[in-house]
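> Supplied in C-alpha cells, the structure appears directly below.
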Amino acid sequence: MRKTLRFLLGDEPVEIDACNPTLTVLDWLRLERRMTGSKEGCAEGDCGACTVVVGHLDRGLLRYEAINACIRFLPTLDGCQLLTVEHLKAEDGGLHPVQQAMVECHGSQCGFCTPGFVMSLLALRLNETEPSIGRIEDALAGNLCRCTGYEPIIAAGRRMDEIAPPETDPFLKQRVATAAKLSALQDSKTLALEGQGRRFYAPATLSALAELVAAHPQATLVAGATDVGLWVTKGMKRLDPVIYLGRVEELRAISDEGEHLRFGAMATHVDVREAAAGLSPQLDELMRRFGGEQVRNAGTIGGNIANGSPIGDLPPALIALDATLLLARRVDGGEIERRALPLESFFLDYRKQDRRPGEFVEAVLVPKLPDGALFHVSKVSKRFDEDISAVCGAFRLRLGPDGRVSEARLAYGGMAGIPKRAKAAEAALISQPWGEEAVAAAISALPRDFTPLDDMRASAQYRLRIAGNLLRRFLIETTQADTQTRVAGLLAEAAHG
Ligand SMILES: Cc1cc2nc3c(=O)[nH]c(=O)nc-3n(C[C@H](O)[C@H](O)[C@H](O)COP(=O)(O)OP(=O)(O)OC[C@H]3O[C@@H](n4cnc5c(N)ncnc54)[C@H](O)[C@@H]3O)c2cc1C
Ligand code: FES
Ligand code: FES
C-alpha cells in the first residue's frame with residue numbers, strides 16, 4: 001500500500017498524506033491552494049465554470065481532458081497532471097493563445113464563465129487541429145455563459161490556432177517531459193489515504209480491487225464521479241470508505257471480439273462513442289448529446305449502468321442491442337468469480353439492481369448489429385445539449401425475407417422505474433409486415449407496458465406520446481430512403497459542423 005497521493009499541479013509535484021476522500025478538486029484549489037481562477041457556479045457539473053484540464057497517461061501516451069473540478073474528488077488525480085487557468089500565464093506574463101483569442105473576439109463580459117471556457121478550449125486545442133465549428137460547439141456544450149452569448153466564444157475557438165498553431169503550445173512542447181514525470185508516478189500499489197476519519201482506496205489491479213470490494217462490501221465505488229460527486233456536493237453525503245476504480249487499467253480497455261465489442265466498466269463516454277460510432281449513426285449522436293464534454297470525459301459506461309437510473313441514456317440502447325453484463329467478485333480462496341447476465345435482468349426495481357455483495361461491474365459485451373438488422377435510438381430532453389432524457393427509446397428489429405418482423409427489441413428509459421423493454425409492443429410487431437399498421441398496434445400496446453410518472457422532466461401523457469412517436473420515427477427512417485439519407489446528412493452535419 002502507498003499512503004501518499006502524488007500528482008502534478010502544472011509542473012509542481014504535489015504530495016498529500018492525509019485527505020478527505022471526497023474533497024473536490026475545486027475546493028482544494030480555491031480553499032486550500034488559494035488558486036481562485038477556477039470558479040464555482042453550480043457545483044453539480046452543469047455550468048462548466050470550474051473546468052480544469054487533466055493530463056493522464058493512456059497506454060503510455062499523455063492525454064489531456066477537460067473535466068468539472070466541482071465534482072471530481074482530489075485523490076482521484078493520483079498519477080495525473082492538473083492544469084488550471086493559472087497555468088496559462090506565460091513566463092513573460094503574456095496571454096496564452098486561447099486567452100488572446102477570447103480577447104480579440106470579445107468572448108468575455110462579466111468574466112465569471114471565462115476561465116471555464118478557456119480551459120475547455122485549451123483541451124480542444126491540445127487534442128485536435130483545425131476543429132470544425134461543430135466540434136467547437138460540442139467542446140463548449142458543457143459551459144454556460146449568461147451574458148456574452150456563444151458566437152464570440154466559438155469565434156475564439158476558431159481564432160486560437162491562427163494566433164499560434166497547437167504544436168507551438170507550451171503544454172504540447174513539454175509533452176514528452178510531462179509524460180516522463182507522470183510515468184515516474186505510476187505504480188501497482190494500492191493508494192490508501194485517510195482524512196477526517198474517512199478512508200479512500202485506489203487499487204491499481206483487478207485482483208486488488210476485488211479484494212478491497214470483498215473486504216468493504218458497503219464501500220462506495222467511484223468511477224467518473226459524475227453521479228457520486230453530486231451526492232457529496234448536493235446531497236451532503238459522507239462517504240466512507242471510497243474505492244476508486246480509475247487506476248485499474250484492465251477496466252478501461254475496449255476490444256473488438258468479433259461478434260461483439262467488449263467495454264471495460266471504466267471506458268469513458270468519449271471512448272465508448274469512438275468505439276461504438278460504427279454501430280449506428282444514432283448511437284453516435286446519442287453519445288454526442290450525453291452530458292457535456294467534461295461529463296463525457298469523466299463518466300463511464302459502468303457508472304451509467306451501475307447507478308440504476310431509470311433515465312440513464314446507455315441502458316435502453318444496450319438493452320435493445322442485447323448486451324451482456326459481466327460482474328466480478330472475489331470469493332473465498334482468492335479467486336475472482338465472474339457472472340454474466342443479460343443487461344435487462346440487472347435492473348430489478350427502482351434503484352435496485354441484481355448485484356451481490358462484493359460484486360462490481362467488470363465489463364459490458366455489446367453485440368454488433370446482425371446483418372440486415374435495423375437499429376435506432378433517440379433521446380428527447382428539454383434542452384438539446386447537456387440534459388438528461390425525459391424519454392429515450394432504442395429499437396432493434398430483424399425482418400424476414402417477406403418483410404415481416406421476425407425479432408423486435410424495444411427498450412425505453414424514462415417510462416418506468418427502470419430501463420425496460422416494451423414486451424407488449426414487441427409482441428404487436430412480431431410476424432407483422434414492418435409498416436404503419438404494425439407500428440400503430442405497437443403504439444396502442446405501450447400503455448400495457450408502461451405507466452410512466454409525471455415529473456419535472458415530462459408528464460406521463462407526454463411520455464407515452466413521445467414513446468410512440470419515437471417508434472414512428474424509426475419506421476419513417478427505415479422505410480423512406482430519402483428520409484434516411486436526409487437524417488444521416490443532418491446528423492453528420494450536426495456532428496462535424
Ligand atoms: C452535468 C451532467 C450531465 C449528465 N448528462 C447525462 C446524460 O446526458 N445522460 C445520462 O445517462 N447521464 C447523464 N449524467 C449522469 C452521469 O454522467 C452518468 O450516469 C455517468 O455515466 C455515470 O458514470 P460515472 O463513471 O461518473 O459514475 P459514478 O458517479 O462514479 O458512479 C455512479 C454509480 O455507479 C456505481 N459504480 C460505478 N462504477 C461501478 C462499477 N464498475 N461497478 C459497480 N458499481 C459502479 C457507483 O458506486 C455509483 O453508485 C449527467 C451527469 C451530470 C453531472
Ligand atoms: S461549478 Fe458548475 S460545473 Fe462545476
Ligand atoms: S461572460 Fe458573464 S457569464 Fe459569461
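As shown in the C-alpha cells, the chain order sets the letters A, B, ...; within each chain, residues go from 1, and ligands are also counted from 1 in the order they appear.
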So which residues are near ligand 2, meaning at most 7 Å away with only C-alpha atoms and all ligand atoms counted, given back as a PyMOL selection string?
chain A and resi 39-51+68-71
> Tell me, as a PyMOL selection string, which residues lie within 10 Å of range 248-264 of chain A, counting only C-alpha atoms; anything in the same chain fewer than 6 positions away does not count.
chain A and resi 58-59+188+202-209+271-272+275-276+279+300-302+323-326+361-370
> Go ahead and dump the residues you just picked, C-alpha atoms, as a PDB file, in the first residue's frame.

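The resulting result.pdb:
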ATOM      1  CA  ASP A  58      -3.343   6.353 -21.577  1.00  0.00           C
ATOM      2  CA  ARG A  59      -1.391   3.296 -22.705  1.00  0.00           C
ATOM      3  CA  SER A 188       0.940  -1.041  -8.953  1.00  0.00           C
ATOM      4  CA  ALA A 202      -7.401   3.348  -5.266  1.00  0.00           C
ATOM      5  CA  PRO A 203      -6.224  -0.122  -6.277  1.00  0.00           C
ATOM      6  CA  ALA A 204      -4.173  -0.469  -9.444  1.00  0.00           C
ATOM      7  CA  THR A 205      -5.050  -4.066 -10.350  1.00  0.00           C
ATOM      8  CA  LEU A 206      -8.264  -6.012 -10.789  1.00  0.00           C
ATOM      9  CA  SER A 207      -7.344  -8.518  -8.093  1.00  0.00           C
ATOM     10  CA  ALA A 208      -6.572  -5.744  -5.584  1.00  0.00           C
ATOM     11  CA  LEU A 209      -9.896  -4.132  -6.461  1.00  0.00           C
ATOM     12  CA  ASP A 271     -14.114   6.345 -25.700  1.00  0.00           C
ATOM     13  CA  VAL A 272     -17.415   4.476 -25.907  1.00  0.00           C
ATOM     14  CA  ALA A 275     -15.673   2.686 -30.470  1.00  0.00           C
ATOM     15  CA  ALA A 276     -19.431   2.434 -30.952  1.00  0.00           C
ATOM     16  CA  LEU A 279     -22.619   0.530 -34.930  1.00  0.00           C
ATOM     17  CA  THR A 300     -18.155   5.801 -17.651  1.00  0.00           C
ATOM     18  CA  ILE A 301     -20.295   3.090 -19.175  1.00  0.00           C
ATOM     19  CA  GLY A 302     -20.054   1.089 -15.940  1.00  0.00           C
ATOM     20  CA  ALA A 323     -25.866  -6.506 -24.304  1.00  0.00           C
ATOM     21  CA  THR A 324     -24.474  -8.802 -21.625  1.00  0.00           C
ATOM     22  CA  LEU A 325     -23.180  -7.501 -18.303  1.00  0.00           C
ATOM     23  CA  LEU A 326     -20.124  -9.068 -16.695  1.00  0.00           C
ATOM     24  CA  VAL A 361     -19.300  -4.325 -12.930  1.00  0.00           C
ATOM     25  CA  GLU A 362     -16.291  -5.502 -14.870  1.00  0.00           C
ATOM     26  CA  ALA A 363     -17.385  -5.126 -18.493  1.00  0.00           C
ATOM     27  CA  VAL A 364     -20.255  -4.953 -20.949  1.00  0.00           C
ATOM     28  CA  LEU A 365     -20.407  -7.053 -24.100  1.00  0.00           C
ATOM     29  CA  VAL A 366     -22.304  -5.333 -26.901  1.00  0.00           C
ATOM     30  CA  PRO A 367     -23.191  -7.483 -29.920  1.00  0.00           C
ATOM     31  CA  LYS A 368     -22.599  -5.905 -33.303  1.00  0.00           C
ATOM     32  CA  LEU A 369     -25.719  -5.500 -35.384  1.00  0.00           C
ATOM     33  CA  PRO A 370     -26.558  -8.747 -37.202  1.00  0.00           C
TER      34      PRO A 370
END
> Residues within 12 Å of ligand 3 should be enumerated using only C-alpha atoms and all ligand atoms and returned as an mmCIF file with N, CA and C atoms, in the first residue's frame.

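Output (part23.cif):
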data_model
loop_
_atom_site.group_PDB
_atom_site.id
_atom_site.type_symbol
_atom_site.label_atom_id
_atom_site.label_comp_id
_atom_site.auth_asym_id
_atom_site.auth_seq_id
_atom_site.Cartn_x
_atom_site.Cartn_y
_atom_site.Cartn_z
ATOM 1 N N LYS A 39 -13.805 28.798 -11.197
ATOM 2 C CA LYS A 39 -14.969 29.322 -10.455
ATOM 3 C C LYS A 39 -15.950 28.225 -10.091
ATOM 4 N N GLU A 40 -16.774 28.536 -9.061
ATOM 5 C CA GLU A 40 -17.875 27.627 -8.749
ATOM 6 C C GLU A 40 -19.184 28.297 -9.134
ATOM 7 N N GLY A 41 -19.896 27.669 -10.084
ATOM 8 C CA GLY A 41 -21.203 28.192 -10.485
ATOM 9 C C GLY A 41 -22.304 27.342 -9.880
ATOM 10 N N CYS A 47 -22.463 23.777 -15.290
ATOM 11 C CA CYS A 47 -22.204 25.093 -15.883
ATOM 12 C C CYS A 47 -20.813 25.230 -16.494
ATOM 13 N N GLY A 48 -19.870 24.411 -16.068
ATOM 14 C CA GLY A 48 -18.529 24.432 -16.663
ATOM 15 C C GLY A 48 -17.613 25.525 -16.131
ATOM 16 N N ALA A 49 -18.100 26.352 -15.169
ATOM 17 C CA ALA A 49 -17.253 27.447 -14.677
ATOM 18 C C ALA A 49 -15.993 26.920 -13.990
ATOM 19 N N MET A 102 -9.829 34.921 -27.011
ATOM 20 C CA MET A 102 -11.042 35.389 -26.314
ATOM 21 C C MET A 102 -11.062 36.920 -26.267
ATOM 22 N N VAL A 103 -9.897 37.524 -26.050
ATOM 23 C CA VAL A 103 -9.830 38.992 -26.018
ATOM 24 C C VAL A 103 -10.165 39.550 -27.408
ATOM 25 N N HIS A 106 -13.794 39.271 -28.385
ATOM 26 C CA HIS A 106 -14.743 39.817 -27.401
ATOM 27 C C HIS A 106 -15.560 38.696 -26.776
ATOM 28 N N GLY A 107 -14.867 37.664 -26.316
ATOM 29 C CA GLY A 107 -15.543 36.470 -25.792
ATOM 30 C C GLY A 107 -15.871 36.540 -24.311
ATOM 31 N N SER A 108 -15.680 37.700 -23.685
ATOM 32 C CA SER A 108 -15.930 37.759 -22.241
ATOM 33 C C SER A 108 -16.587 39.078 -21.859
ATOM 34 N N GLN A 109 -17.586 38.987 -20.970
ATOM 35 C CA GLN A 109 -18.152 40.230 -20.420
ATOM 36 C C GLN A 109 -17.937 40.258 -18.911
ATOM 37 N N CYS A 110 -18.845 39.637 -18.121
ATOM 38 C CA CYS A 110 -18.610 39.684 -16.671
ATOM 39 C C CYS A 110 -17.394 38.834 -16.295
ATOM 40 N N GLY A 111 -17.079 37.835 -17.119
ATOM 41 C CA GLY A 111 -15.861 37.051 -16.930
ATOM 42 C C GLY A 111 -16.002 35.841 -16.031
ATOM 43 N N PHE A 112 -17.180 35.644 -15.435
ATOM 44 C CA PHE A 112 -17.302 34.539 -14.484
ATOM 45 C C PHE A 112 -17.132 33.182 -15.157
ATOM 46 N N CYS A 113 -17.675 33.064 -16.348
ATOM 47 C CA CYS A 113 -17.601 31.770 -17.047
ATOM 48 C C CYS A 113 -16.279 31.610 -17.788
ATOM 49 N N THR A 114 -15.532 32.714 -17.951
ATOM 50 C CA THR A 114 -14.417 32.738 -18.907
ATOM 51 C C THR A 114 -13.319 31.713 -18.615
ATOM 52 N N PRO A 115 -12.852 31.573 -17.369
ATOM 53 C CA PRO A 115 -11.800 30.568 -17.153
ATOM 54 C C PRO A 115 -12.243 29.163 -17.578
ATOM 55 N N GLY A 116 -13.519 28.859 -17.355
ATOM 56 C CA GLY A 116 -14.030 27.536 -17.737
ATOM 57 C C GLY A 116 -14.020 27.358 -19.247
ATOM 58 N N PHE A 117 -14.491 28.386 -19.968
ATOM 59 C CA PHE A 117 -14.464 28.302 -21.436
ATOM 60 C C PHE A 117 -13.031 28.167 -21.937
ATOM 61 N N VAL A 118 -12.150 28.962 -21.345
ATOM 62 C CA VAL A 118 -10.750 28.947 -21.778
ATOM 63 C C VAL A 118 -10.159 27.540 -21.605
ATOM 64 N N ASN A 143 -20.314 24.270 -21.089
ATOM 65 C CA ASN A 143 -20.004 25.571 -20.471
ATOM 66 C C ASN A 143 -21.160 26.528 -20.734
ATOM 67 N N LEU A 144 -21.630 27.150 -19.678
ATOM 68 C CA LEU A 144 -22.735 28.102 -19.823
ATOM 69 C C LEU A 144 -22.219 29.529 -19.648
ATOM 70 N N CYS A 145 -22.732 30.424 -20.511
ATOM 71 C CA CYS A 145 -22.422 31.845 -20.369
ATOM 72 C C CYS A 145 -23.741 32.601 -20.353
ATOM 73 N N ARG A 146 -23.935 33.431 -19.354
ATOM 74 C CA ARG A 146 -25.240 34.112 -19.264
ATOM 75 C C ARG A 146 -25.187 35.502 -19.849
ATOM 76 N N CYS A 147 -23.995 36.025 -20.192
ATOM 77 C CA CYS A 147 -24.033 37.396 -20.697
ATOM 78 C C CYS A 147 -23.377 37.622 -22.058
ATOM 79 N N THR A 148 -22.293 36.932 -22.388
ATOM 80 C CA THR A 148 -21.634 37.270 -23.652
ATOM 81 C C THR A 148 -22.401 36.735 -24.851
ATOM 82 N N GLY A 149 -22.955 35.522 -24.700
ATOM 83 C CA GLY A 149 -23.504 34.839 -25.884
ATOM 84 C C GLY A 149 -22.385 34.003 -26.466
ATOM 85 N N TYR A 150 -22.767 33.025 -27.234
ATOM 86 C CA TYR A 150 -21.771 32.000 -27.606
ATOM 87 C C TYR A 150 -20.982 32.310 -28.881
ATOM 88 N N GLU A 151 -21.548 33.151 -29.741
ATOM 89 C CA GLU A 151 -20.865 33.355 -31.039
ATOM 90 C C GLU A 151 -19.438 33.852 -30.890
ATOM 91 N N PRO A 152 -19.195 34.889 -30.055
ATOM 92 C CA PRO A 152 -17.807 35.359 -29.934
ATOM 93 C C PRO A 152 -16.886 34.280 -29.350
ATOM 94 N N ILE A 153 -17.443 33.434 -28.495
ATOM 95 C CA ILE A 153 -16.601 32.402 -27.864
ATOM 96 C C ILE A 153 -16.262 31.316 -28.895
#
> Can you build me a table of chain A residues sitting at most 8 Å from ligand 1, with the closest atom pair per residue and its distance in Å to one decimal, using only C-alpha atoms and all ligand atoms, sorted by chain and residue number, as a tab-separated table?

residue	atom	partner	partner_atom_place_in_ligand_line	distance
A:Glu44	CA	ligand 1	53 (C)	5.6
A:Gly45	CA	ligand 1	1 (C)	4.2
A:Asp46	CA	ligand 1	1 (C)	4.0
A:Cys47	CA	ligand 1	1 (C)	7.6
A:Ile71	CA	ligand 1	53 (C)	7.8
A:Gly142	CA	ligand 1	1 (C)	7.4
A:Thr220	CA	ligand 1	47 (O)	5.0
A:Leu221	CA	ligand 1	47 (O)	3.9
A:Val222	CA	ligand 1	30 (O)	3.9
A:Ala223	CA	ligand 1	30 (O)	3.4
A:Gly224	CA	ligand 1	25 (O)	3.4
A:Ala225	CA	ligand 1	29 (O)	3.4
A:Thr226	CA	ligand 1	26 (O)	3.6
A:Asp227	CA	ligand 1	29 (O)	3.4
A:Val228	CA	ligand 1	29 (O)	3.9
A:Gly229	CA	ligand 1	29 (O)	6.3
A:Leu230	CA	ligand 1	53 (C)	7.1
A:Leu245	CA	ligand 1	41 (N)	7.1
A:Leu251	CA	ligand 1	41 (N)	7.9
A:Ala265	CA	ligand 1	41 (N)	5.0
A:Met266	CA	ligand 1	41 (N)	6.5
A:Thr268	CA	ligand 1	25 (O)	7.2
A:His269	CA	ligand 1	21 (O)	7.2
A:Arg289	CA	ligand 1	8 (O)	6.1
A:Phe290	CA	ligand 1	8 (O)	3.6
A:Gly291	CA	ligand 1	5 (N)	3.4
A:Gly292	CA	ligand 1	3 (C)	6.4
A:Val295	CA	ligand 1	17 (O)	5.6
A:Arg296	CA	ligand 1	17 (O)	7.1
A:Ala298	CA	ligand 1	26 (O)	6.0
A:Gly299	CA	ligand 1	26 (O)	3.6
A:Thr300	CA	ligand 1	25 (O)	3.7
A:Ile301	CA	ligand 1	21 (O)	5.5
A:Gly302	CA	ligand 1	38 (N)	4.7
A:Gly303	CA	ligand 1	23 (O)	3.5
A:Asn304	CA	ligand 1	21 (O)	3.4
A:Ile305	CA	ligand 1	34 (O)	6.8
A:Ala306	CA	ligand 1	34 (O)	4.3
A:Asn307	CA	ligand 1	33 (C)	3.8
A:Gly308	CA	ligand 1	34 (O)	7.6
A:Ser309	CA	ligand 1	19 (O)	7.3
A:Ile311	CA	ligand 1	11 (O)	6.2
A:Gly312	CA	ligand 1	11 (O)	3.3
A:Asp313	CA	ligand 1	11 (O)	3.7
A:Leu314	CA	ligand 1	11 (O)	6.1
A:Leu327	CA	ligand 1	42 (N)	7.8
A:Glu359	CA	ligand 1	43 (C)	7.0
A:Phe360	CA	ligand 1	42 (N)	3.7
A:Val361	CA	ligand 1	42 (N)	3.7
A:Glu362	CA	ligand 1	41 (N)	5.7
A:Ala363	CA	ligand 1	41 (N)	7.7
A:Asp385	CA	ligand 1	8 (O)	7.9
A:Glu386	CA	ligand 1	3 (C)	5.5
A:Asp387	CA	ligand 1	8 (O)	5.1
A:Ile388	CA	ligand 1	8 (O)	4.4
A:Ser389	CA	ligand 1	9 (N)	6.7
> Taking into account only C-alpha atoms, which residue in the set A:Ala416, A:Ala411, A:Ala214, A:Met119 is nearest to Arg329 in chain A?
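Once distances to Arg329 in chain A are computed over only C-alpha atoms, the minimum belongs to A:Ala214.
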> In range 98-173 of chain A, what's helix (DSSP H, G or I) per DSSP? Answer as a ChimeraX atom specification?
/A:98-104,114-127,133-140,151-163,166-168,170-173
> With only C-alpha atoms as the basis for distance, which of A:Leu126, A:Met35, A:Leu410, A:Leu62 is at the shortest distance from Val439 in chain A?
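Checking each candidate against Val439 in chain A, we get A:Leu410 as the closest.
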> Excluding Leu88 in chain A and any residue of its chain fewer than 4 positions from it, enumerate the residues within 10 Å of it, using only C-alpha atoms, and give them as a PyMOL selection string.
chain A and resi 10+83-84+93-99+118-119+122+170-171
> If you keep C-alpha atoms, can you produce a file of those selected residues as a short mmCIF file (atom, residue, chain, number, x, y, z; two decimals), in the first residue's frame?

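The resulting file, part.cif, is reproduced below:
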data_model
loop_
_atom_site.label_atom_id
_atom_site.label_comp_id
_atom_site.auth_asym_id
_atom_site.auth_seq_id
_atom_site.Cartn_x
_atom_site.Cartn_y
_atom_site.Cartn_z
CA GLY A 10 1.17 22.23 -13.57
CA LEU A 83 -3.83 22.29 -15.24
CA THR A 84 -5.86 25.32 -14.25
CA GLY A 93 3.30 37.32 -18.15
CA GLY A 94 1.70 37.22 -21.61
CA LEU A 95 -1.61 35.64 -22.51
CA HIS A 96 -1.95 32.12 -23.84
CA PRO A 97 -3.30 31.96 -27.45
CA VAL A 98 -6.69 30.77 -26.14
CA GLN A 99 -6.94 33.79 -23.85
CA VAL A 118 -10.75 28.95 -21.78
CA MET A 119 -9.91 25.58 -20.24
CA LEU A 122 -7.40 24.56 -24.24
CA PRO A 170 3.85 25.14 -24.32
CA PHE A 171 1.92 22.16 -23.00
#
> Name the closest residue to Arg330 in chain A among the candidates A:Val14, A:Lys420, A:Glu437, A:Leu212; distances are taken between atoms, counting only C-alpha atoms.
A:Leu212
> Rounded to one decimal place, report the CA of Thr24 in chain A-CA of Val53 in chain A distance in Å.
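One can read the CA of Thr24 in chain A to CA of Val53 in chain A distance as 14.5 Å.
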> As a ChimeraX atom specification, please: every residue in range 297-493 of chain A that a backbone DSSP assignment puts in strand (DSSP E or B).
/A:300,324-330,336-342,347-349,352-353,360-367,374-380,391-399,404-413,420-421,433
> Considering only C-alpha atoms, can you say which of A:Ala424, A:Ala390, A:Cys80, A:Ala177 comes closest to Pro452 in chain A?
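Smallest separation from Pro452 in chain A among the options: A:Ala390.
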> Counting only C-alpha atoms, figure out which residue out of A:Asp332, A:Glu344, A:Glu477, A:Asp78 gets nearest to Ile319 in chain A.
A:Glu344
> Please measure the separation of CA of His87 in chain A and CA of Cys19 in chain A, giving the value in Å to one decimal.
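These two atoms are separated by 23.7 Å.
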> Need to verify the contact set: range 192-200 of chain A, 7 Å, only C-alpha atoms, exclusion of same-chain residues closer than 4 positions in sequence. Can you return it as an mmCIF file with N, CA and C atoms, in the first residue's frame?

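Output contents, as saved in part-v2.cif:
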data_model
loop_
_atom_site.group_PDB
_atom_site.id
_atom_site.type_symbol
_atom_site.label_atom_id
_atom_site.label_comp_id
_atom_site.auth_asym_id
_atom_site.auth_seq_id
_atom_site.Cartn_x
_atom_site.Cartn_y
_atom_site.Cartn_z
ATOM 1 N N MET A 1 0.841 -1.204 0.000
ATOM 2 C CA MET A 1 0.000 0.000 0.000
ATOM 3 C C MET A 1 0.877 1.255 0.000
ATOM 4 N N ARG A 2 0.409 2.261 -0.689
ATOM 5 C CA ARG A 2 1.098 3.559 -0.668
ATOM 6 C C ARG A 2 0.183 4.540 0.057
ATOM 7 N N LYS A 3 0.747 5.357 0.878
ATOM 8 C CA LYS A 3 -0.099 6.218 1.719
ATOM 9 C C LYS A 3 -0.005 7.687 1.339
ATOM 10 N N THR A 4 0.607 7.960 0.192
ATOM 11 C CA THR A 4 0.750 9.350 -0.225
ATOM 12 C C THR A 4 0.135 9.545 -1.611
ATOM 13 N N ASP A 17 -0.468 13.480 2.291
ATOM 14 C CA ASP A 17 -0.528 12.262 3.105
ATOM 15 C C ASP A 17 -1.888 12.026 3.755
ATOM 16 N N ALA A 18 -2.646 13.088 3.940
ATOM 17 C CA ALA A 18 -3.966 12.923 4.565
ATOM 18 C C ALA A 18 -4.951 13.792 3.813
ATOM 19 N N CYS A 19 -6.098 13.208 3.492
ATOM 20 C CA CYS A 19 -7.039 13.962 2.661
ATOM 21 C C CYS A 19 -8.437 13.393 2.822
ATOM 22 N N ASN A 20 -9.402 14.257 3.008
ATOM 23 C CA ASN A 20 -10.795 13.829 2.975
ATOM 24 C C ASN A 20 -11.042 13.208 1.591
ATOM 25 N N PRO A 21 -11.507 11.944 1.541
ATOM 26 C CA PRO A 21 -11.639 11.259 0.243
ATOM 27 C C PRO A 21 -12.526 11.981 -0.749
ATOM 28 N N ASP A 240 -17.844 6.733 3.238
ATOM 29 C CA ASP A 240 -16.697 6.067 3.872
ATOM 30 C C ASP A 240 -16.947 4.563 3.890
ATOM 31 N N PRO A 241 -16.028 3.759 3.390
ATOM 32 C CA PRO A 241 -14.873 4.160 2.599
ATOM 33 C C PRO A 241 -15.253 4.355 1.133
ATOM 34 N N VAL A 242 -14.329 4.934 0.405
ATOM 35 C CA VAL A 242 -14.496 5.133 -1.037
ATOM 36 C C VAL A 242 -13.459 4.263 -1.755
ATOM 37 N N ILE A 243 -13.919 3.541 -2.756
ATOM 38 C CA ILE A 243 -12.960 2.765 -3.571
ATOM 39 C C ILE A 243 -13.027 3.310 -4.996
#
> Please report the interatomic distance between CA of Leu82 in chain A and CA of Glu65 in chain A in Å with one decimal.
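Distance between the two atoms: 9.9 Å.
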